[in-house]
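This report concerns only the one structure given below.
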Amino acid sequence: MLDRLDFQEFYSPDTSERNGFCRRLVSSLKQKGFVRLVNHGVPPQDIDKAFLEVRFSFSNMGSGYGVQTDLVVVEQTQQFFQLPLEEKLKSPHPPTPNPHRGYSAFGVEVVATHSNFESKTPMPLLKDMKESYDIGSERDELYSNIWPPPGVQDSFQPFFMSFFSACYQAECAILEALSIGLGLPPQTLSERHANQSNELRLTHYPAVSRSEFASSTRIATHTDFGTITLLFQDSVGGLQVEFPFGSGNFLDVESGGRHECIINAGDCLQKWTGLHSTRHRVHLPKPPEETGTNGVGDGNDHLVEARYSIAYFAKPDRSVILRPLLGEKAHDDEQYMTAGEFQQMRISGTYASG
Ligand SMILES: O=C(O)CCC(=O)C(=O)O
Ligand SMILES: [Fe+2]
């Protein structure tokens with residue numbers, strides 16, 4: 001359902017091949033707002049390690065086991081799944097939308113507050129069934145990170161600091177490709193992302209019985225607030241994108257495994273270029289006739305397996321003005337919000353007491 005492109009073509013020494021790739025990237029985003037990328041530059045072994053860390057952190061924080069990179073050992077830690085909320089809460093997300101950092105327990109964040117932002121097709125306001133961990137750049141001058149304290153998964157901070165840098169490098173290359181594909185000078189987008197106000201979000205959607213999906217979902221319908229999102233997901237499925245735009249109809253995104261990166265346009269890219277910031281959500285994975293995994297549709301209230309995802313949100317520098325870069329004649333800057341004002345407006349209300 002989504003185009004799958006090989007980002008290696010961006011590095012072709014043949015300029016016309018490179019430009020052709022950039023135009024295909026833009027045209028894929030124009031169609032659905034989402035595209036699948038392979039060879040995107042975030043090393044596969046780092047992605048594997050990130051998923052192991054995520055599984056480890058959500059299942060085993062504070063258990064006293066050291067860092068384990070062996071898959072079998074890490075999978076065994078799943079048995080600690082219900083464990084130590086009090087350990088995870090040693091690096092808590094504050095009870096306000098900002099800073100968007102640290103651990104949010106199951107049920108704390110309510111994405112449905114955004115479900116109907118600028119859309120004429122209202123979606124039901126379903127609660128999220130997820131826990132997550134938000135990380136920013138260590139170079140962010142406004143907000144500091146909230147890391148697990150010493151003794152609680154000591155590998156977490158150094159690993160995710162370096163994973164963040166790998167994502168930032170991939171982001172800059174993708175932004176350059178988009179600028180070229182849009183007919184803009186190559187650095188147009190990347191130079192608006194020099195200060196790294198980006199965010200990395202690790203999400204665990206626990207196994208739940210499918211009947212829960214009648215009144216809740218994994219992550220409610222929303223658009224992403226930034227420029228682009230780089231999403232890595234496991235193969236559980238359930239990611240759905242609204243197509244046609246604004247229709248209230250959602251299509252399943254096939255999972256190409258965790259090494260593939262799904263890119264989607266966010267609200268800021270839409271404001272700059274008109275590329276559509278598509279609504280999406282994570283709901284029930286496809287029925288078992290097609291996937292054989294979760295028992296949906298066979299009359300039994302089976303468990304839907306747990307899902308893990310890693311999303312890196314590329315966000316503009318806060319002082320940058322969100323005025324159109326293409327076509328439309330720009331008005332005075334005062335008519336447009338800065339990226340910082342826009343992020344603030346979008347995030348408010350996501351946290352219960354915010
Ligand atoms: O978990 C996923 O696959 C999607 C998450 C998402 O859309 C988000 O965090 O903005
Ligand atoms: Fe999203």
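Residue names in the structure tokens use chain letters A, B, ... in the order shown, residue numbers from 1 in each chain, and ligand numbers from 1 in the order shown.
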_as a list in words, please: the residues near range 222-236 of chain A (cut-off 6 Å, only C-alpha atoms, same-chain neighbours under 5 positions excluded)._
His114, Ser115, Ser255, Gly257, Arg258, Cys261, Ile262, Ile263, Asn264, Ala265, Gly266, Asp267, Cys268, Leu269, Thr278, Arg279, His280, Arg307, Ser309, Ile310, Ala311, Tyr312, Phe313, Ala314 and Lys315 of chain A
Include N, CA and C atoms and write out the residues we just selected as a CSV table (one decimal), in the first residue's frame.
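Final output, saved to again-v2.csv:
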```csv
chain,number,residue,atom,x,y,z
A,114,HIS,N,-5.9,15.0,20.1
A,114,HIS,CA,-5.5,15.5,18.8
A,114,HIS,C,-6.2,14.9,17.7
A,115,SER,N,-7.1,13.9,17.9
A,115,SER,CA,-7.6,13.1,16.9
A,115,SER,C,-8.3,13.9,15.8
A,255,SER,N,4.1,-4.4,7.4
A,255,SER,CA,5.4,-4.3,8.1
A,255,SER,C,6.5,-5.0,7.3
A,257,GLY,N,9.4,-5.2,8.6
A,257,GLY,CA,10.4,-5.6,9.6
A,257,GLY,C,11.1,-4.4,10.2
A,258,ARG,N,11.8,-4.6,11.2
A,258,ARG,CA,12.3,-3.4,12.0
A,258,ARG,C,13.5,-2.6,11.3
A,261,CYS,N,12.5,1.7,7.5
A,261,CYS,CA,12.1,2.9,8.2
A,261,CYS,C,10.9,3.5,7.5
A,262,ILE,N,9.8,3.7,8.2
A,262,ILE,CA,8.7,4.4,7.6
A,262,ILE,C,8.8,5.9,7.9
A,263,ILE,N,8.7,6.6,6.8
A,263,ILE,CA,8.8,8.1,6.9
A,263,ILE,C,7.4,8.7,6.7
A,264,ASN,N,7.0,9.6,7.5
A,264,ASN,CA,5.8,10.3,7.2
A,264,ASN,C,6.0,11.8,7.4
A,265,ALA,N,5.2,12.6,6.6
A,265,ALA,CA,5.2,14.0,6.7
A,265,ALA,C,4.5,14.5,8.0
A,266,GLY,N,5.0,15.4,8.7
A,266,GLY,CA,4.3,16.0,9.8
A,266,GLY,C,3.7,17.4,9.5
A,267,ASP,N,3.1,18.0,10.5
A,267,ASP,CA,2.4,19.2,10.3
A,267,ASP,C,3.3,20.4,9.8
A,268,CYS,N,4.5,20.4,10.3
A,268,CYS,CA,5.4,21.5,9.9
A,268,CYS,C,5.8,21.4,8.4
A,269,LEU,N,6.1,20.2,8.0
A,269,LEU,CA,6.4,20.0,6.5
A,269,LEU,C,5.2,20.4,5.7
A,278,THR,N,-0.5,13.2,7.2
A,278,THR,CA,-1.6,12.2,7.2
A,278,THR,C,-1.9,11.7,8.6
A,279,ARG,N,-3.2,11.7,8.8
A,279,ARG,CA,-3.6,11.1,10.1
A,279,ARG,C,-3.3,9.6,10.2
A,280,HIS,N,-2.9,9.1,11.3
A,280,HIS,CA,-2.6,7.7,11.4
A,280,HIS,C,-2.9,7.3,12.9
A,307,ARG,N,3.3,-4.9,21.1
A,307,ARG,CA,4.0,-4.3,20.0
A,307,ARG,C,5.0,-3.3,20.5
A,309,SER,N,7.6,0.0,19.2
A,309,SER,CA,8.0,0.9,18.1
A,309,SER,C,9.0,1.9,18.6
A,310,ILE,N,9.7,2.4,17.7
A,310,ILE,CA,10.7,3.5,18.0
A,310,ILE,C,10.4,4.6,16.9
A,311,ALA,N,10.0,5.8,17.4
A,311,ALA,CA,9.7,6.9,16.5
A,311,ALA,C,10.7,8.0,16.8
A,312,TYR,N,11.3,8.6,15.7
A,312,TYR,CA,12.2,9.7,15.8
A,312,TYR,C,11.5,10.9,15.1
A,313,PHE,N,11.1,11.9,15.9
A,313,PHE,CA,10.4,13.0,15.3
A,313,PHE,C,11.4,14.2,15.0
A,314,ALA,N,11.6,14.4,13.7
A,314,ALA,CA,12.5,15.6,13.3
A,314,ALA,C,11.6,16.8,13.4
A,315,LYS,N,12.1,17.7,14.2
A,315,LYS,CA,11.3,19.0,14.5
A,315,LYS,C,12.1,20.2,14.1
```
*Of the residues A:Ser190, A:Ile219, A:Ala214, A:Phe163, which is the one nearest to Ser132 in chain A, using only C-alpha atoms?*
A:Ile219
*Compare A:Asp317, A:Asp3, A:Asp134, A:Glu118 by their minimum atom-to-atom distance to Gly256 in chain A, counting only C-alpha atoms, and give me the closest one.*
A:Asp3
*Identify, on the basis of only C-alpha atoms, every residue whose closest approach to range 215-218 of chain A does not exceed 8 Å; exclude the query and any residue fewer than 2 positions from it along the same chain; express the result as number ranges by chain.*
A: 126-130, 205, 212-213, 220, 281-284
For the residues in that selection, give me N, CA, C and O atoms as a CSV table (one decimal), in the first residue's frame.
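Result saved to result_38.csv:
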```csv
chain,number,residue,atom,x,y,z
A,126,LEU,N,-10.8,7.6,21.5
A,126,LEU,CA,-10.4,6.4,22.2
A,126,LEU,C,-9.2,6.6,23.0
A,126,LEU,O,-8.3,7.3,22.7
A,127,LYS,N,-9.1,5.9,24.2
A,127,LYS,CA,-8.0,6.0,25.0
A,127,LYS,C,-6.8,5.1,24.5
A,127,LYS,O,-7.0,4.1,23.9
A,128,ASP,N,-5.6,5.6,24.8
A,128,ASP,CA,-4.4,4.8,24.3
A,128,ASP,C,-4.1,3.7,25.3
A,128,ASP,O,-4.2,3.9,26.5
A,129,MET,N,-3.6,2.6,24.8
A,129,MET,CA,-3.1,1.5,25.6
A,129,MET,C,-1.6,1.3,25.4
A,129,MET,O,-1.2,0.5,24.5
A,130,LYS,N,-0.8,2.2,26.0
A,130,LYS,CA,0.6,2.2,25.8
A,130,LYS,C,1.4,2.8,26.9
A,130,LYS,O,0.8,3.5,27.8
A,205,TYR,N,3.3,-1.2,23.5
A,205,TYR,CA,1.9,-1.5,23.5
A,205,TYR,C,1.7,-2.9,24.1
A,205,TYR,O,2.0,-3.9,23.4
A,212,GLU,N,-10.8,-5.2,24.2
A,212,GLU,CA,-10.4,-3.9,24.7
A,212,GLU,C,-10.5,-2.9,23.6
A,212,GLU,O,-10.6,-1.7,23.9
A,213,PHE,N,-10.3,-3.3,22.4
A,213,PHE,CA,-10.3,-2.4,21.3
A,213,PHE,C,-11.6,-1.8,20.9
A,213,PHE,O,-11.7,-0.9,20.1
A,220,ALA,N,-4.2,6.7,19.5
A,220,ALA,CA,-5.4,7.2,18.9
A,220,ALA,C,-5.0,8.0,17.6
A,220,ALA,O,-3.8,8.4,17.4
A,281,ARG,N,-2.8,6.0,13.1
A,281,ARG,CA,-3.1,5.4,14.4
A,281,ARG,C,-2.5,4.0,14.5
A,281,ARG,O,-2.1,3.4,13.4
A,282,VAL,N,-2.5,3.4,15.7
A,282,VAL,CA,-2.2,2.0,15.8
A,282,VAL,C,-3.4,1.3,16.4
A,282,VAL,O,-3.7,1.7,17.6
A,283,HIS,N,-4.0,0.5,15.6
A,283,HIS,CA,-5.2,-0.2,16.1
A,283,HIS,C,-5.0,-1.7,16.0
A,283,HIS,O,-3.9,-2.2,16.1
A,284,LEU,N,-6.1,-2.4,15.9
A,284,LEU,CA,-5.9,-3.9,15.8
A,284,LEU,C,-5.1,-4.3,14.6
A,284,LEU,O,-5.4,-3.8,13.5
```
*Taking the backbone alone, and naming residues the way the document does, which bits of range 53-234 of chain A are alpha helix (DSSP H) by DSSP, as a PyMOL selection string?*
chain A and resi 53-60+71-76+85-88+156-181
*Excluding Tyr133 in chain A and any residue of its chain fewer than 3 positions from it, enumerate the residues within 12 Å of it, using only C-alpha atoms, and give them as a ChimeraX atom specification.*
/A:53-55,57-58,88-89,91-94,100-106,108-109,130,136,145-148,156-157,160,199-205,308-312
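Excluding Val38 in chain A itself and any same-chain residue fewer than 4 positions from it, the protein and nucleic acid residues within 7 Å of it, counting only C-alpha atoms, are Leu5, Asp6, Phe7, Glu260 and Cys261 of chain A.
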Residues from last step as file, C-alpha atoms, as an mmCIF file, in the first residue's frame:
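Final file, selection12.cif:
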```
data_model
loop_
_atom_site.group_PDB
_atom_site.id
_atom_site.type_symbol
_atom_site.label_atom_id
_atom_site.label_comp_id
_atom_site.auth_asym_id
_atom_site.auth_seq_id
_atom_site.Cartn_x
_atom_site.Cartn_y
_atom_site.Cartn_z
ATOM 1 C CA LEU A 5 12.230 3.173 -1.863
ATOM 2 C CA ASP A 6 15.938 2.441 -1.567
ATOM 3 C CA PHE A 7 17.673 5.461 -0.035
ATOM 4 C CA GLU A 260 12.860 -0.699 7.361
ATOM 5 C CA CYS A 261 12.083 2.900 8.215
#
```
*asked:* Please report the interatomic distance between CA of Ala306 in chain A and CA of Pro206 in chain A in Å with one decimal.
replied: 4.5 Å
